[in-house]
Amino acid sequence: MDAFLRHKLGKVGLWVLAFLYLGALFADFLAPYAFSSAKDGYVYAAPSRIRLVHEGRFVGPFVYGMSKSRNPETFRLEYREDASTPYNLALFARGEEYRFLGLVKTDRHLFGLADPEAPAAVYLFGGDQFGRDLFSRLLAGGRVSLTAGIVGTFLSVVIGALIGALSGYYGGWTDVAIQRLIEVLRSFPRIPLWLALAVIIPPTWPSTYLYFGIVIVLSFIGWMGVARVVRGMTLSLREKEFVLAAKAAGRRPLRIILKHIIPNTSGYLIVVATLSVPGMILGESTISFLGLGIKEPMTSWGLLLKQAQSIDAIRSHPWLMIPGLFIMLAVLSFNFVGDAARDAIDPYGTVEKLEA
C-alpha cells in the first residue's frame with residue numbers, strides 16, 4: 001500500500017476515477033435534467049453562461065433566456081442571449097422526477113433553475129442535435145462506459161484465468177488445442193473483429209440486452225492475453241509442493257485449479273485487470289461511435305462522441321468533443337492507477353517479463 005501511495009500519478013488517477021464513478025452513481029441527482037429530456041429552443045445551443053450581475057446589480061447566479069434565428073448566409077441556427085430577464089439558479093432545485101439510487105422517488109437536483117417552468121435552461125456543456133443537455137447525458141453515459149469497462153474486464157480476466165490454468169495444468173493435446181485457438185483469434189485485427197461480433201447482436205434488442213451484449217463482445221476479445229500468461233505461470237505452479245500434496249490427497253483437478261493455482265496468480269490478475277479497463281472503455285466507445293453499440297434512448301460516451309464525426313460539426317459546435325475528453329481522462333487515470341498497482345504488487349517487473 002505504501003508503494004502505491006508513493007506513486008503520485010497513481011493517487012491522482014485514483015481521485016479522478018473516484019469523482020467519475022461517483023458522478024455516474026449519482027447522475028440523476030447531479031444532472032439538472034433527465035438525460036432524455038429535450039428542449040426545442042436549444043438544438044445545438046452553446047454552453048450556458050452563468051452570470052452574477054444584471055444591469056449593474058448583483059442578483060446571484062443566473063442565466064438569460066435564449067432567442068434563436070437562422071443565419072441567412074449559412075442557414076445555421078444561431079442563438080443570442082435575451083438580456084432582458086435573468087433567471088436565477090438554485091441549489092437543490094426542483095426538476096424532473098426520478099428515483100434516487102433507484103430507490104427513493106424525488107424531484108430534487110443538485111442545481112437548476114429556481115423556477116423550473118422558466119423559459120430558459122442551464123446547459124453547462126451545451127445542447128445536442130435534439131436539444132438535450134450534454135452535461136446530463138455525459139453523467140448518464142458514464143454509467144455505461146465506466147461499468148462496461150469494469151464488467152468486461154472482470155469477465156475477460158475470469159475466462160482467461162480459467163482457460164489458461166486448464167491449458168497449463170493438463171498440458172498435452174488440451175494445451176495444444178487451446179494455444180492454437182488463441183493464436184488464431186489473436187491473428188485477427190481487433191477492431192474489425194469487434195465490429196464483426198457486434199453485428200451479431202440484434203439491433204431490436206432492448207437497451208439493457210444491448211449493453212450486456214457489448215460487454216460480452218469485449219470480454220470475448222480480451223481474455224486471450226491473460227490466458228497465455230496464466231498458462232505459463234501454471235506450468236511452474238503445478239510442480240510446487242502444495243499442488244503435488246493436493247494431488248496426493250485425491251483432490252479433483254478443477255478444485256486444485258480453483259483453490260490452489262489461480263489464487264497464486266492473483267497478483268498478476270489484479271495488475272492486468274487494472275491495465276485492461278482502459279482498453280475495454282475504448283472498445284465500447286469505438287463500437288458505439290461506429291453505430292454498432294449502445295442505441296438511443298440509452299447513451300454512452302462513445303455514442304455521444306458520434307455527433308462529432310465531421311469537421312463541420314466540430315467547427316460549428318466544438319462542445320460536442322467534450323465526451324472525448326472524458327474518455328481520455330478515464331483512460332489516463334486507469335493507466336496511472338494500473339502503473340501504481342504494478343509497482344506496489346510487482347516491484348521487480350515480473351508481470352512485464354511474463355507478458356513479453
# chains A, B, ... in the order shown; residues from 1 in each chain; ligands from 1

$ select_by_dssp --residues "range 127-303 of chain A" --states "alpha helix (DSSP H)" --output "short mmCIF file (atom, residue, chain, number, x, y, z; two decimals) with N, CA and C atoms, in the first residue's frame"
data_model
loop_
_atom_site.label_atom_id
_atom_site.label_comp_id
_atom_site.auth_asym_id
_atom_site.auth_seq_id
_atom_site.Cartn_x
_atom_site.Cartn_y
_atom_site.Cartn_z
N LEU A 134 -26.12 18.24 -22.75
CA LEU A 134 -24.97 17.36 -22.90
C LEU A 134 -24.36 16.98 -21.56
N PHE A 135 -24.39 17.89 -20.59
CA PHE A 135 -23.85 17.59 -19.25
C PHE A 135 -24.64 16.45 -18.61
N SER A 136 -25.96 16.52 -18.65
CA SER A 136 -26.79 15.46 -18.08
C SER A 136 -26.55 14.13 -18.79
N ARG A 137 -26.39 14.18 -20.10
CA ARG A 137 -26.17 12.96 -20.87
C ARG A 137 -24.77 12.38 -20.62
N LEU A 138 -23.80 13.25 -20.36
CA LEU A 138 -22.46 12.76 -20.03
C LEU A 138 -22.46 11.97 -18.73
N LEU A 139 -23.15 12.49 -17.73
CA LEU A 139 -23.23 11.78 -16.45
C LEU A 139 -23.92 10.42 -16.63
N ALA A 140 -25.01 10.40 -17.39
CA ALA A 140 -25.73 9.14 -17.62
C ALA A 140 -24.88 8.20 -18.49
N GLY A 141 -24.18 8.75 -19.49
CA GLY A 141 -23.34 7.92 -20.34
C GLY A 141 -22.17 7.31 -19.61
N GLY A 142 -21.70 7.99 -18.57
CA GLY A 142 -20.62 7.43 -17.76
C GLY A 142 -21.00 6.12 -17.10
N ARG A 143 -22.28 5.96 -16.79
CA ARG A 143 -22.74 4.70 -16.19
C ARG A 143 -22.47 3.53 -17.12
N VAL A 144 -22.70 3.74 -18.41
CA VAL A 144 -22.48 2.66 -19.39
C VAL A 144 -21.00 2.47 -19.67
N SER A 145 -20.30 3.53 -20.02
CA SER A 145 -18.90 3.41 -20.43
C SER A 145 -18.02 2.92 -19.29
N LEU A 146 -18.21 3.45 -18.09
CA LEU A 146 -17.35 3.08 -16.96
C LEU A 146 -17.66 1.68 -16.45
N THR A 147 -18.95 1.33 -16.38
CA THR A 147 -19.28 -0.01 -15.89
C THR A 147 -18.97 -1.08 -16.94
N ALA A 148 -19.10 -0.73 -18.23
CA ALA A 148 -18.74 -1.69 -19.28
C ALA A 148 -17.27 -2.06 -19.18
N GLY A 149 -16.43 -1.07 -18.86
CA GLY A 149 -15.01 -1.36 -18.69
C GLY A 149 -14.74 -2.31 -17.53
N ILE A 150 -15.41 -2.07 -16.41
CA ILE A 150 -15.20 -2.91 -15.23
C ILE A 150 -15.76 -4.31 -15.44
N VAL A 151 -17.01 -4.40 -15.88
CA VAL A 151 -17.66 -5.71 -16.05
C VAL A 151 -16.97 -6.51 -17.15
N GLY A 152 -16.65 -5.84 -18.27
CA GLY A 152 -15.97 -6.54 -19.36
C GLY A 152 -14.60 -7.06 -18.96
N THR A 153 -13.86 -6.26 -18.20
CA THR A 153 -12.54 -6.70 -17.74
C THR A 153 -12.67 -7.87 -16.77
N PHE A 154 -13.64 -7.80 -15.87
CA PHE A 154 -13.84 -8.89 -14.91
C PHE A 154 -14.12 -10.21 -15.64
N LEU A 155 -15.02 -10.15 -16.62
CA LEU A 155 -15.35 -11.38 -17.35
C LEU A 155 -14.15 -11.90 -18.14
N SER A 156 -13.41 -10.99 -18.79
CA SER A 156 -12.27 -11.45 -19.59
C SER A 156 -11.17 -12.03 -18.72
N VAL A 157 -10.96 -11.44 -17.53
CA VAL A 157 -9.93 -11.97 -16.62
C VAL A 157 -10.35 -13.33 -16.08
N VAL A 158 -11.63 -13.49 -15.72
CA VAL A 158 -12.11 -14.78 -15.21
C VAL A 158 -11.98 -15.85 -16.30
N ILE A 159 -12.43 -15.53 -17.50
CA ILE A 159 -12.35 -16.50 -18.61
C ILE A 159 -10.90 -16.84 -18.92
N GLY A 160 -10.06 -15.80 -19.03
CA GLY A 160 -8.65 -16.03 -19.37
C GLY A 160 -7.92 -16.82 -18.30
N ALA A 161 -8.18 -16.52 -17.02
CA ALA A 161 -7.51 -17.24 -15.93
C ALA A 161 -7.91 -18.71 -15.93
N LEU A 162 -9.20 -18.98 -16.12
CA LEU A 162 -9.67 -20.36 -16.09
C LEU A 162 -9.14 -21.16 -17.28
N ILE A 163 -9.23 -20.60 -18.49
CA ILE A 163 -8.76 -21.31 -19.67
C ILE A 163 -7.24 -21.48 -19.64
N GLY A 164 -6.53 -20.44 -19.21
CA GLY A 164 -5.07 -20.54 -19.12
C GLY A 164 -4.62 -21.57 -18.11
N ALA A 165 -5.31 -21.63 -16.96
CA ALA A 165 -4.96 -22.61 -15.94
C ALA A 165 -5.26 -24.03 -16.42
N LEU A 166 -6.38 -24.23 -17.10
CA LEU A 166 -6.69 -25.55 -17.65
C LEU A 166 -5.65 -25.97 -18.67
N SER A 167 -5.23 -25.04 -19.52
CA SER A 167 -4.24 -25.34 -20.54
C SER A 167 -2.91 -25.75 -19.92
N GLY A 168 -2.46 -24.98 -18.93
CA GLY A 168 -1.17 -25.28 -18.31
C GLY A 168 -1.20 -26.51 -17.42
N TYR A 169 -2.32 -26.74 -16.75
CA TYR A 169 -2.39 -27.87 -15.82
C TYR A 169 -2.46 -29.21 -16.54
N TYR A 170 -3.31 -29.30 -17.56
CA TYR A 170 -3.49 -30.57 -18.26
C TYR A 170 -2.38 -30.83 -19.27
N GLY A 172 -0.43 -31.44 -22.85
CA GLY A 172 -0.78 -32.37 -23.91
C GLY A 172 -1.65 -31.76 -24.99
N TRP A 173 -2.60 -32.55 -25.52
CA TRP A 173 -3.43 -32.09 -26.62
C TRP A 173 -4.36 -30.96 -26.18
N THR A 174 -4.75 -30.95 -24.90
CA THR A 174 -5.58 -29.84 -24.40
C THR A 174 -4.84 -28.51 -24.51
N ASP A 175 -3.58 -28.52 -24.10
CA ASP A 175 -2.75 -27.32 -24.18
C ASP A 175 -2.55 -26.90 -25.63
N VAL A 176 -2.25 -27.86 -26.49
CA VAL A 176 -2.01 -27.55 -27.91
C VAL A 176 -3.27 -26.94 -28.54
N ALA A 177 -4.43 -27.53 -28.29
CA ALA A 177 -5.68 -27.05 -28.90
C ALA A 177 -6.01 -25.64 -28.43
N ILE A 178 -5.85 -25.40 -27.13
CA ILE A 178 -6.18 -24.07 -26.60
C ILE A 178 -5.22 -23.02 -27.14
N GLN A 179 -3.92 -23.34 -27.19
CA GLN A 179 -2.94 -22.36 -27.67
C GLN A 179 -3.11 -22.06 -29.16
N ARG A 180 -3.45 -23.08 -29.94
CA ARG A 180 -3.68 -22.82 -31.37
C ARG A 180 -4.92 -21.95 -31.56
N LEU A 181 -5.98 -22.18 -30.76
CA LEU A 181 -7.18 -21.36 -30.84
C LEU A 181 -6.85 -19.91 -30.50
N ILE A 182 -6.05 -19.72 -29.47
CA ILE A 182 -5.66 -18.35 -29.08
C ILE A 182 -4.88 -17.68 -30.20
N GLU A 183 -3.97 -18.42 -30.81
CA GLU A 183 -3.17 -17.84 -31.89
C GLU A 183 -4.04 -17.43 -33.07
N VAL A 184 -5.05 -18.26 -33.39
CA VAL A 184 -5.95 -17.92 -34.50
C VAL A 184 -6.74 -16.66 -34.17
N LEU A 185 -7.29 -16.58 -32.96
CA LEU A 185 -8.09 -15.43 -32.58
C LEU A 185 -7.24 -14.16 -32.50
N ARG A 186 -6.01 -14.29 -32.03
CA ARG A 186 -5.14 -13.11 -31.92
C ARG A 186 -4.64 -12.64 -33.28
N ARG A 190 -8.10 -6.35 -34.13
CA ARG A 190 -9.05 -6.24 -33.02
C ARG A 190 -10.33 -5.49 -33.40
N ILE A 191 -10.20 -4.31 -34.00
CA ILE A 191 -11.39 -3.51 -34.29
C ILE A 191 -12.32 -4.21 -35.29
N PRO A 192 -11.82 -4.75 -36.42
CA PRO A 192 -12.74 -5.49 -37.31
C PRO A 192 -13.41 -6.68 -36.62
N LEU A 193 -12.67 -7.35 -35.73
CA LEU A 193 -13.28 -8.47 -35.01
C LEU A 193 -14.36 -7.98 -34.06
N TRP A 194 -14.11 -6.86 -33.37
CA TRP A 194 -15.15 -6.26 -32.53
C TRP A 194 -16.40 -5.97 -33.35
N LEU A 195 -16.21 -5.34 -34.50
CA LEU A 195 -17.35 -4.95 -35.32
C LEU A 195 -18.10 -6.16 -35.85
N ALA A 196 -17.34 -7.20 -36.24
CA ALA A 196 -17.99 -8.42 -36.74
C ALA A 196 -18.85 -9.06 -35.65
N LEU A 197 -18.34 -9.09 -34.43
CA LEU A 197 -19.11 -9.68 -33.33
C LEU A 197 -20.28 -8.78 -32.96
N ALA A 198 -20.08 -7.46 -33.02
CA ALA A 198 -21.16 -6.54 -32.65
C ALA A 198 -22.33 -6.64 -33.62
N VAL A 199 -22.04 -6.93 -34.89
CA VAL A 199 -23.11 -7.06 -35.88
C VAL A 199 -24.05 -8.21 -35.55
N ILE A 200 -23.52 -9.22 -34.85
CA ILE A 200 -24.34 -10.38 -34.49
C ILE A 200 -25.46 -9.99 -33.52
N SER A 207 -32.38 -1.88 -24.67
CA SER A 207 -31.10 -1.25 -24.34
C SER A 207 -30.29 -2.07 -23.34
N THR A 208 -30.96 -2.67 -22.37
CA THR A 208 -30.25 -3.46 -21.36
C THR A 208 -29.59 -4.67 -22.00
N TYR A 209 -30.28 -5.35 -22.90
CA TYR A 209 -29.70 -6.50 -23.59
C TYR A 209 -28.52 -6.08 -24.45
N LEU A 210 -28.66 -4.93 -25.12
CA LEU A 210 -27.56 -4.43 -25.95
C LEU A 210 -26.32 -4.17 -25.10
N TYR A 211 -26.54 -3.61 -23.92
CA TYR A 211 -25.42 -3.33 -23.02
C TYR A 211 -24.67 -4.61 -22.67
N PHE A 212 -25.40 -5.63 -22.24
CA PHE A 212 -24.74 -6.88 -21.89
C PHE A 212 -24.14 -7.56 -23.11
N GLY A 213 -24.77 -7.40 -24.27
CA GLY A 213 -24.20 -7.95 -25.49
C GLY A 213 -22.85 -7.33 -25.81
N ILE A 214 -22.75 -6.00 -25.68
CA ILE A 214 -21.48 -5.31 -25.94
C ILE A 214 -20.42 -5.75 -24.94
N VAL A 215 -20.79 -5.91 -23.67
CA VAL A 215 -19.83 -6.36 -22.66
C VAL A 215 -19.29 -7.74 -22.99
N ILE A 216 -20.17 -8.63 -23.44
CA ILE A 216 -19.73 -9.99 -23.80
C ILE A 216 -18.80 -9.95 -25.00
N VAL A 217 -19.11 -9.09 -25.98
CA VAL A 217 -18.24 -8.95 -27.15
C VAL A 217 -16.84 -8.51 -26.72
N LEU A 218 -16.77 -7.51 -25.84
CA LEU A 218 -15.47 -7.02 -25.37
C LEU A 218 -14.73 -8.11 -24.60
N SER A 219 -15.45 -8.87 -23.78
CA SER A 219 -14.82 -9.93 -23.00
C SER A 219 -14.28 -11.04 -23.88
N PHE A 220 -14.98 -11.32 -24.99
CA PHE A 220 -14.55 -12.39 -25.88
C PHE A 220 -13.20 -12.10 -26.51
N ILE A 221 -12.87 -10.82 -26.65
CA ILE A 221 -11.59 -10.45 -27.25
C ILE A 221 -10.49 -10.34 -26.20
N GLY A 222 -10.84 -9.96 -24.98
CA GLY A 222 -9.83 -9.58 -24.00
C GLY A 222 -9.22 -10.70 -23.19
N TRP A 223 -9.73 -11.92 -23.28
CA TRP A 223 -9.25 -12.97 -22.38
C TRP A 223 -7.97 -13.65 -22.86
N MET A 224 -7.60 -13.49 -24.11
CA MET A 224 -6.53 -14.32 -24.69
C MET A 224 -5.16 -14.01 -24.11
N GLY A 225 -4.86 -12.73 -23.93
CA GLY A 225 -3.57 -12.38 -23.35
C GLY A 225 -3.43 -12.89 -21.92
N VAL A 226 -4.51 -12.79 -21.15
CA VAL A 226 -4.50 -13.30 -19.77
C VAL A 226 -4.27 -14.80 -19.77
N ALA A 227 -4.93 -15.51 -20.68
CA ALA A 227 -4.80 -16.97 -20.73
C ALA A 227 -3.37 -17.40 -21.03
N ARG A 228 -2.69 -16.69 -21.92
CA ARG A 228 -1.32 -17.07 -22.27
C ARG A 228 -0.39 -16.95 -21.06
N VAL A 229 -0.53 -15.86 -20.31
CA VAL A 229 0.36 -15.65 -19.16
C VAL A 229 0.03 -16.61 -18.03
N VAL A 230 -1.27 -16.80 -17.74
CA VAL A 230 -1.66 -17.71 -16.66
C VAL A 230 -1.23 -19.14 -17.00
N ARG A 231 -1.29 -19.50 -18.25
CA ARG A 231 -0.83 -20.84 -18.67
C ARG A 231 0.65 -21.02 -18.33
N GLY A 232 1.47 -19.99 -18.61
CA GLY A 232 2.89 -20.09 -18.28
C GLY A 232 3.13 -20.18 -16.78
N MET A 233 2.38 -19.43 -16.00
CA MET A 233 2.52 -19.49 -14.55
C MET A 233 2.05 -20.83 -14.01
N THR A 234 1.01 -21.41 -14.62
CA THR A 234 0.51 -22.71 -14.17
C THR A 234 1.51 -23.83 -14.43
N LEU A 235 2.24 -23.75 -15.53
CA LEU A 235 3.27 -24.77 -15.81
C LEU A 235 4.29 -24.83 -14.69
N SER A 236 4.58 -23.68 -14.08
CA SER A 236 5.51 -23.67 -12.95
C SER A 236 4.83 -24.09 -11.65
N LEU A 237 3.61 -23.61 -11.43
CA LEU A 237 2.93 -23.87 -10.16
C LEU A 237 2.52 -25.33 -10.00
N GLU A 241 5.11 -27.95 -4.30
CA GLU A 241 4.78 -28.95 -3.28
C GLU A 241 3.31 -28.93 -2.89
N PHE A 242 2.72 -27.72 -2.77
CA PHE A 242 1.33 -27.66 -2.31
C PHE A 242 0.37 -28.25 -3.35
N VAL A 243 0.71 -28.13 -4.66
CA VAL A 243 -0.13 -28.72 -5.70
C VAL A 243 0.05 -30.23 -5.71
N LEU A 244 1.28 -30.69 -5.58
CA LEU A 244 1.54 -32.14 -5.54
C LEU A 244 0.87 -32.77 -4.32
N ALA A 245 0.86 -32.03 -3.19
CA ALA A 245 0.21 -32.55 -1.98
C ALA A 245 -1.30 -32.65 -2.19
N ALA A 246 -1.89 -31.68 -2.88
CA ALA A 246 -3.32 -31.73 -3.15
C ALA A 246 -3.67 -32.90 -4.06
N LYS A 247 -2.79 -33.16 -5.07
CA LYS A 247 -3.00 -34.32 -5.93
C LYS A 247 -2.93 -35.61 -5.13
N ALA A 248 -1.93 -35.69 -4.26
CA ALA A 248 -1.77 -36.91 -3.45
C ALA A 248 -2.95 -37.12 -2.51
N PRO A 253 -8.92 -32.21 -10.21
CA PRO A 253 -8.13 -31.18 -10.92
C PRO A 253 -8.78 -29.80 -10.90
N LEU A 254 -10.10 -29.74 -11.09
CA LEU A 254 -10.76 -28.43 -11.11
C LEU A 254 -10.66 -27.75 -9.75
N ARG A 255 -10.76 -28.53 -8.70
CA ARG A 255 -10.64 -27.96 -7.35
C ARG A 255 -9.22 -27.46 -7.12
N ILE A 256 -8.23 -28.20 -7.60
CA ILE A 256 -6.84 -27.77 -7.45
C ILE A 256 -6.61 -26.46 -8.20
N SER A 266 -3.00 -14.31 -8.40
CA SER A 266 -3.86 -13.15 -8.14
C SER A 266 -3.12 -11.83 -8.30
N GLY A 267 -1.84 -11.79 -7.93
CA GLY A 267 -1.09 -10.54 -8.09
C GLY A 267 -1.06 -10.08 -9.54
N TYR A 268 -0.75 -11.01 -10.43
CA TYR A 268 -0.75 -10.68 -11.86
C TYR A 268 -2.15 -10.30 -12.33
N LEU A 269 -3.17 -11.04 -11.89
CA LEU A 269 -4.54 -10.79 -12.35
C LEU A 269 -5.02 -9.40 -11.92
N ILE A 270 -4.66 -8.97 -10.72
CA ILE A 270 -5.06 -7.64 -10.26
C ILE A 270 -4.44 -6.56 -11.13
N VAL A 271 -3.16 -6.72 -11.40
CA VAL A 271 -2.45 -5.72 -12.21
C VAL A 271 -3.01 -5.69 -13.63
N VAL A 272 -3.17 -6.86 -14.24
CA VAL A 272 -3.62 -6.90 -15.64
C VAL A 272 -5.07 -6.42 -15.75
N ALA A 273 -5.87 -6.67 -14.71
CA ALA A 273 -7.26 -6.18 -14.74
C ALA A 273 -7.28 -4.66 -14.73
N THR A 274 -6.46 -4.05 -13.88
CA THR A 274 -6.42 -2.59 -13.80
C THR A 274 -5.96 -1.98 -15.11
N LEU A 275 -4.97 -2.62 -15.75
CA LEU A 275 -4.45 -2.08 -17.00
C LEU A 275 -5.33 -2.40 -18.20
N SER A 276 -6.27 -3.35 -18.05
CA SER A 276 -7.13 -3.74 -19.16
C SER A 276 -8.40 -2.91 -19.26
N VAL A 277 -8.79 -2.26 -18.16
CA VAL A 277 -10.04 -1.49 -18.18
C VAL A 277 -10.02 -0.39 -19.24
N PRO A 278 -8.92 0.38 -19.39
CA PRO A 278 -8.93 1.40 -20.45
C PRO A 278 -9.23 0.84 -21.83
N GLY A 279 -8.67 -0.33 -22.15
CA GLY A 279 -8.95 -0.93 -23.45
C GLY A 279 -10.41 -1.27 -23.62
N MET A 280 -11.05 -1.72 -22.54
CA MET A 280 -12.48 -2.02 -22.59
C MET A 280 -13.32 -0.76 -22.80
N ILE A 281 -12.94 0.32 -22.10
CA ILE A 281 -13.66 1.58 -22.28
C ILE A 281 -13.53 2.08 -23.71
N LEU A 282 -12.31 2.01 -24.24
CA LEU A 282 -12.09 2.43 -25.63
C LEU A 282 -12.84 1.52 -26.60
N GLY A 283 -12.90 0.22 -26.29
CA GLY A 283 -13.63 -0.71 -27.15
C GLY A 283 -15.10 -0.39 -27.22
N GLU A 284 -15.73 -0.16 -26.05
CA GLU A 284 -17.15 0.21 -26.03
C GLU A 284 -17.37 1.52 -26.76
N SER A 285 -16.48 2.49 -26.53
CA SER A 285 -16.63 3.79 -27.18
C SER A 285 -16.50 3.66 -28.69
N THR A 286 -15.57 2.82 -29.14
CA THR A 286 -15.36 2.63 -30.58
C THR A 286 -16.59 2.00 -31.23
N ILE A 287 -17.11 0.94 -30.60
CA ILE A 287 -18.27 0.26 -31.17
C ILE A 287 -19.49 1.18 -31.22
N SER A 288 -19.71 1.94 -30.13
CA SER A 288 -20.86 2.85 -30.09
C SER A 288 -20.65 4.02 -31.05
N PHE A 289 -19.41 4.51 -31.16
CA PHE A 289 -19.11 5.61 -32.08
C PHE A 289 -19.42 5.22 -33.52
N TRP A 301 -20.54 7.38 -23.62
CA TRP A 301 -19.61 8.41 -24.10
C TRP A 301 -19.30 8.21 -25.58
N GLY A 302 -19.19 6.98 -26.03
CA GLY A 302 -18.93 6.73 -27.44
C GLY A 302 -20.08 7.18 -28.32
N LEU A 303 -21.31 6.92 -27.86
CA LEU A 303 -22.48 7.34 -28.63
C LEU A 303 -22.58 8.86 -28.68
#

$ residues_around --residues "Pro116 in chain A" --least-positions-apart "3" --cutoff "7 Å" --atoms "only C-alpha atoms" --output "list in words"
Arg94, Gly95 and Leu113 of chain A

$ atom_distance --atom1 "CA of Met321 in chain A" --atom2 "CA of Leu305 in chain A"
6.4 Å

$ residues_around --residues "Ile50 in chain A" --least-positions-apart "4" --cutoff "10 Å" --atoms "only C-alpha atoms" --output "mmCIF file with C-alpha atoms, in the first residue's frame"
data_model
loop_
_atom_site.group_PDB
_atom_site.id
_atom_site.type_symbol
_atom_site.label_atom_id
_atom_site.label_comp_id
_atom_site.auth_asym_id
_atom_site.auth_seq_id
_atom_site.Cartn_x
_atom_site.Cartn_y
_atom_site.Cartn_z
ATOM 1 C CA GLY A 60 -26.699 35.898 -7.591
ATOM 2 C CA PRO A 61 -26.054 33.158 -10.139
ATOM 3 C CA PHE A 62 -28.457 33.275 -13.085
ATOM 4 C CA VAL A 63 -28.759 32.642 -16.809
ATOM 5 C CA TYR A 64 -30.519 34.524 -19.560
ATOM 6 C CA ASN A 88 -31.976 32.621 -11.081
ATOM 7 C CA LEU A 89 -30.287 29.332 -10.301
ATOM 8 C CA VAL A 122 -28.874 25.800 -17.779
ATOM 9 C CA TYR A 123 -26.829 23.703 -20.200
ATOM 10 C CA LEU A 124 -23.298 23.658 -18.771
#

$ atom_distance --atom1 "CA of Gly250 in chain A" --atom2 "CA of Ile262 in chain A"
18.6 Å

$ closest_residue --among "A:Asp312, A:Glu55, A:Asp133, A:Asp339" --to "Ser36 in chain A" --atoms "only C-alpha atoms"
A:Asp133

$ atom_distance --atom1 "CA of Ser67 in chain A" --atom2 "CA of Val53 in chain A"
20.1 Å

$ residues_around --residues "Glu81 in chain A" --least-positions-apart "4" --cutoff "12 Å" --atoms "only C-alpha atoms" --output "CSV table (one decimal) with C-alpha atoms, in the first residue's frame"
chain,number,residue,atom,x,y,z
A,42,TYR,CA,-31.9,24.6,-27.5
A,45,ALA,CA,-27.2,25.5,-28.1
A,46,ALA,CA,-23.8,26.7,-26.9
A,47,PRO,CA,-22.9,26.1,-23.2
A,48,SER,CA,-24.8,28.4,-20.8
A,49,ARG,CA,-23.0,31.4,-19.4
A,50,ILE,CA,-23.7,31.7,-15.7
A,51,ARG,CA,-23.7,35.3,-14.6
A,63,VAL,CA,-28.8,32.6,-16.8
A,64,TYR,CA,-30.5,34.5,-19.6
A,65,GLY,CA,-33.1,33.1,-21.9
A,66,MET,CA,-32.1,32.3,-25.5
A,67,SER,CA,-33.5,33.6,-28.7
A,68,LYS,CA,-32.7,31.8,-31.9
A,69,SER,CA,-32.6,32.8,-35.6
A,85,THR,CA,-34.8,38.9,-17.9
A,86,PRO,CA,-32.5,37.0,-15.6
A,87,TYR,CA,-33.5,33.5,-14.4
A,120,ALA,CA,-34.7,29.2,-20.0
A,121,ALA,CA,-32.3,26.4,-19.4

$ select_by_dssp --residues "range 61-131 of chain A" --states "strand (DSSP E)" --output "PyMOL selection string"
chain A and resi 61-70+77-100+104-113

$ closest_residue --among "A:Phe125, A:Phe130, A:Tyr79, A:Phe58" --to "Trp319 in chain A" --atoms "only C-alpha atoms"
A:Phe125
